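Student: Before I ask anything, here is the structure I am working with.
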Amino acid sequence: MDSLARFVENDAFARHLGVEMLSYGDGRASARMEIGPQHVNSFGLVHGAAIFSLADATFSAAANSRGTLALAIDVSISFLEAVKDGVLTAEAREVALNPKLGTYLIEVKDEGGRLVALFRGTVYRKKTGIADVTG
């Protein structure tokens, strides 16, 4: 297993939430999360934190796919549609890259392809390679 795969698989919180990473590499990533009772809020809707966490895990995989440890320094999310159940997917793409910073857009969609949330994140790239933190 390569260092990027180890890095992605070491995300214990994403695993705990049921996030399944589908693909990652070259500044992109995609993931899915099947909604369960642990993901809903008091209204019976998917909790914003669950949607945020799916987007954030996908953001992390995309940003760190360049091989250098990338840490979030700024994120924002807009919730566009309410969701009750089903499967959510997140697609991350790199929109800006330089040696120190990278910016990513992540779209979260429901099973019907409706845009549920739009997440934007910027990372600071450390000098450390992800191989150095994954062993």
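Identifiers in the structure tokens: chain A, B, ... in order shown; residue index from 1 per chain; ligand index from 1 in order shown.
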Looking only at the backbone, which of the residues in stretch 10-121 of chain A does DSSP tag as strand (DSSP E or B), as a PyMOL selection string?

Tutor: chain A and resi 19-25+28-34+40+46+68-79+87-97+101-109+115-121

Student: In chain A, what's helix (DSSP H, G or I) per DSSP? Answer as an MDAnalysis selection string?

Tutor: chainID A and resid 3:9 12:17 37:39 48:64 130:134

Student: Can I get the selection written as an mmCIF file, in the first residue's frame, with C-alpha atoms?

Tutor:
data_model
loop_
_atom_site.group_PDB
_atom_site.id
_atom_site.type_symbol
_atom_site.label_atom_id
_atom_site.label_comp_id
_atom_site.auth_asym_id
_atom_site.auth_seq_id
_atom_site.Cartn_x
_atom_site.Cartn_y
_atom_site.Cartn_z
ATOM 1 C CA SER A 3 1.653 6.321 1.475
ATOM 2 C CA LEU A 4 -1.375 8.155 0.018
ATOM 3 C CA ALA A 5 -3.602 5.093 0.471
ATOM 4 C CA ARG A 6 -2.340 4.734 4.068
ATOM 5 C CA PHE A 7 -2.972 8.424 4.683
ATOM 6 C CA VAL A 8 -6.558 8.226 3.407
ATOM 7 C CA GLU A 9 -7.286 4.999 5.275
ATOM 8 C CA ALA A 12 -10.513 7.292 11.680
ATOM 9 C CA PHE A 13 -13.227 9.946 11.952
ATOM 10 C CA ALA A 14 -14.269 9.570 8.314
ATOM 11 C CA ARG A 15 -14.375 5.781 8.768
ATOM 12 C CA HIS A 16 -16.461 6.229 11.916
ATOM 13 C CA LEU A 17 -19.005 8.262 9.924
ATOM 14 C CA PRO A 37 -29.823 7.152 11.831
ATOM 15 C CA GLN A 38 -26.555 8.451 13.321
ATOM 16 C CA HIS A 39 -26.364 11.132 10.592
ATOM 17 C CA GLY A 48 -24.939 19.706 8.609
ATOM 18 C CA ALA A 49 -21.887 18.352 10.426
ATOM 19 C CA ALA A 50 -22.258 14.999 8.634
ATOM 20 C CA ILE A 51 -22.396 16.742 5.247
ATOM 21 C CA PHE A 52 -19.461 18.959 6.222
ATOM 22 C CA SER A 53 -17.433 15.927 7.343
ATOM 23 C CA LEU A 54 -18.029 14.079 4.061
ATOM 24 C CA ALA A 55 -16.879 17.151 2.121
ATOM 25 C CA ASP A 56 -13.908 17.705 4.457
ATOM 26 C CA ALA A 57 -12.652 14.110 4.139
ATOM 27 C CA THR A 58 -12.879 14.382 0.347
ATOM 28 C CA PHE A 59 -11.072 17.740 0.477
ATOM 29 C CA SER A 60 -8.282 16.162 2.549
ATOM 30 C CA ALA A 61 -7.796 13.275 0.115
ATOM 31 C CA ALA A 62 -7.642 15.627 -2.877
ATOM 32 C CA ALA A 63 -5.286 18.124 -1.228
ATOM 33 C CA ASN A 64 -2.912 15.489 0.120
ATOM 34 C CA ILE A 130 2.749 12.393 3.635
ATOM 35 C CA ALA A 131 5.054 9.354 3.588
ATOM 36 C CA ASP A 132 6.759 10.883 6.638
ATOM 37 C CA VAL A 133 3.517 10.923 8.636
ATOM 38 C CA THR A 134 2.109 7.558 7.536
#

Student: Could you pull the residues within 6 Å of A:Ser30, counting only C-alpha atoms, minus those fewer than 5 positions along the same chain, as a PDB file with N, CA and C atoms, in the first residue's frame?

Tutor:
ATOM      1  N   LEU A  22     -13.864   6.758  -2.798  1.00  0.00           N
ATOM      2  CA  LEU A  22     -14.005   6.042  -4.064  1.00  0.00           C
ATOM      3  C   LEU A  22     -12.771   6.171  -4.943  1.00  0.00           C
ATOM      4  N   SER A  23     -12.224   7.376  -5.007  1.00  0.00           N
ATOM      5  CA  SER A  23     -11.020   7.604  -5.810  1.00  0.00           C
ATOM      6  C   SER A  23     -10.328   8.867  -5.320  1.00  0.00           C
ATOM      7  N   ALA A  90     -19.519  13.080  -2.740  1.00  0.00           N
ATOM      8  CA  ALA A  90     -18.738  14.317  -2.768  1.00  0.00           C
ATOM      9  C   ALA A  90     -17.665  14.194  -3.837  1.00  0.00           C
ATOM     10  N   GLU A  91     -17.500  15.245  -4.606  1.00  0.00           N
ATOM     11  CA  GLU A  91     -16.468  15.319  -5.642  1.00  0.00           C
ATOM     12  C   GLU A  91     -15.621  16.550  -5.381  1.00  0.00           C
TER      13      GLU A  91
END

Student: List the neighbours of stretch 113-126 of chain A out to 9 Å using only C-alpha atoms; skip same-chain residues closer than 6 positions along the sequence, and give me the result as JSON, numbers by chain.

Tutor: {"A": [51, 52, 55, 56, 59, 60, 63, 64, 68, 69, 70, 71, 72, 73, 74, 75, 76, 77, 78, 79, 80, 81, 82, 83, 88, 89, 92, 96, 98, 99, 100, 101, 102, 103, 104, 105, 106, 107]}

Student: Output N, CA and C atoms of each residue in that selection to a file, as a CSV table (one decimal), in the first residue's frame.

Tutor:
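Full text of result_34.csv as output:
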chain,number,residue,atom,x,y,z
A,51,ILE,N,-22.7,16.3,6.6
A,51,ILE,CA,-22.4,16.7,5.2
A,51,ILE,C,-21.0,17.4,5.2
A,52,PHE,N,-20.8,18.3,6.2
A,52,PHE,CA,-19.5,19.0,6.2
A,52,PHE,C,-18.3,17.9,6.3
A,55,ALA,N,-17.6,16.2,3.0
A,55,ALA,CA,-16.9,17.2,2.1
A,55,ALA,C,-15.4,17.3,2.6
A,56,ASP,N,-15.2,17.5,3.9
A,56,ASP,CA,-13.9,17.7,4.5
A,56,ASP,C,-13.0,16.5,4.2
A,59,PHE,N,-12.0,16.6,0.6
A,59,PHE,CA,-11.1,17.7,0.5
A,59,PHE,C,-9.7,17.3,0.9
A,60,SER,N,-9.6,16.6,2.0
A,60,SER,CA,-8.3,16.2,2.5
A,60,SER,C,-7.6,15.2,1.6
A,63,ALA,N,-6.4,17.2,-1.5
A,63,ALA,CA,-5.3,18.1,-1.2
A,63,ALA,C,-4.0,17.4,-0.9
A,64,ASN,N,-4.1,16.3,-0.2
A,64,ASN,CA,-2.9,15.5,0.1
A,64,ASN,C,-2.5,14.5,-1.0
A,68,THR,N,2.5,16.0,-0.5
A,68,THR,CA,3.0,16.9,0.6
A,68,THR,C,1.9,17.1,1.6
A,69,LEU,N,2.2,17.1,2.9
A,69,LEU,CA,1.2,17.2,3.9
A,69,LEU,C,0.5,18.6,3.7
A,70,ALA,N,-0.8,18.6,3.6
A,70,ALA,CA,-1.6,19.8,3.3
A,70,ALA,C,-2.6,19.9,4.5
A,71,LEU,N,-2.6,21.0,5.2
A,71,LEU,CA,-3.4,21.3,6.3
A,71,LEU,C,-4.4,22.4,6.0
A,72,ALA,N,-5.7,22.2,6.3
A,72,ALA,CA,-6.7,23.3,6.0
A,72,ALA,C,-6.4,24.5,6.8
A,73,ILE,N,-6.5,25.7,6.1
A,73,ILE,CA,-6.3,27.0,6.8
A,73,ILE,C,-7.6,27.8,6.7
A,74,ASP,N,-8.5,27.4,5.8
A,74,ASP,CA,-9.7,28.1,5.6
A,74,ASP,C,-10.7,27.2,4.9
A,75,VAL,N,-11.9,27.1,5.4
A,75,VAL,CA,-13.0,26.3,4.8
A,75,VAL,C,-14.3,27.1,4.9
A,76,SER,N,-15.2,26.8,4.0
A,76,SER,CA,-16.6,27.4,4.1
A,76,SER,C,-17.5,26.4,3.4
A,77,ILE,N,-18.7,26.4,3.8
A,77,ILE,CA,-19.7,25.5,3.2
A,77,ILE,C,-21.0,26.2,3.1
A,78,SER,N,-21.7,26.0,2.0
A,78,SER,CA,-23.1,26.5,1.8
A,78,SER,C,-24.0,25.3,1.7
A,79,PHE,N,-25.0,25.2,2.5
A,79,PHE,CA,-26.0,24.1,2.4
A,79,PHE,C,-27.1,24.6,1.5
A,80,LEU,N,-27.4,23.8,0.5
A,80,LEU,CA,-28.3,24.3,-0.6
A,80,LEU,C,-29.6,23.5,-0.6
A,81,GLU,N,-29.6,22.3,-0.1
A,81,GLU,CA,-30.8,21.5,-0.1
A,81,GLU,C,-30.8,20.6,1.1
A,82,ALA,N,-32.0,20.3,1.7
A,82,ALA,CA,-32.1,19.4,2.8
A,82,ALA,C,-32.2,18.0,2.3
A,83,VAL,N,-31.6,17.1,3.1
A,83,VAL,CA,-31.7,15.6,2.7
A,83,VAL,C,-32.1,14.8,3.9
A,88,LEU,N,-25.1,10.1,-0.1
A,88,LEU,CA,-24.5,11.4,-0.6
A,88,LEU,C,-23.1,11.1,-1.2
A,89,THR,N,-22.8,11.8,-2.2
A,89,THR,CA,-21.5,11.7,-2.9
A,89,THR,C,-20.8,13.1,-2.8
A,92,ALA,N,-14.3,16.3,-5.2
A,92,ALA,CA,-13.4,17.4,-5.0
A,92,ALA,C,-12.5,17.7,-6.2
A,96,ALA,N,-6.8,25.8,-7.6
A,96,ALA,CA,-5.6,26.6,-7.6
A,96,ALA,C,-4.5,25.9,-6.8
A,98,ASN,N,-0.2,26.2,-5.8
A,98,ASN,CA,1.2,26.7,-5.9
A,98,ASN,C,1.9,26.0,-4.8
A,99,PRO,N,3.2,26.2,-4.7
A,99,PRO,CA,4.0,25.4,-3.7
A,99,PRO,C,3.6,25.5,-2.3
A,100,LYS,N,2.9,26.6,-1.8
A,100,LYS,CA,2.5,26.7,-0.4
A,100,LYS,C,1.0,26.6,-0.2
A,101,LEU,N,0.2,26.9,-1.2
A,101,LEU,CA,-1.3,26.9,-1.0
A,101,LEU,C,-2.0,26.1,-2.1
A,102,GLY,N,-3.1,25.6,-1.8
A,102,GLY,CA,-4.0,25.0,-2.7
A,102,GLY,C,-5.4,25.2,-2.4
A,103,THR,N,-6.3,25.5,-3.4
A,103,THR,CA,-7.7,25.7,-3.2
A,103,THR,C,-8.5,24.7,-3.9
A,104,TYR,N,-9.6,24.2,-3.2
A,104,TYR,CA,-10.4,23.1,-3.7
A,104,TYR,C,-11.8,23.4,-3.6
A,105,LEU,N,-12.6,23.0,-4.6
A,105,LEU,CA,-14.1,23.0,-4.5
A,105,LEU,C,-14.6,21.6,-4.4
A,106,ILE,N,-15.6,21.5,-3.5
A,106,ILE,CA,-16.1,20.1,-3.3
A,106,ILE,C,-17.7,20.3,-3.4
A,107,GLU,N,-18.2,19.5,-4.3
A,107,GLU,CA,-19.7,19.4,-4.5
A,107,GLU,C,-20.2,18.2,-3.8

Student: Could you jot down the atom CA of A:Val46 to atom CA of A:Ala31 separation for me, Å, one decimal place?

Tutor: 16.6 Å

Student: Tell me which of A:Lys84, A:Lys109, A:Lys127, A:Arg66 sits closest to A:Gly25, counting only C-alpha atoms.

Tutor: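 Closest to A:Gly25 of all the choices is A:Arg66.
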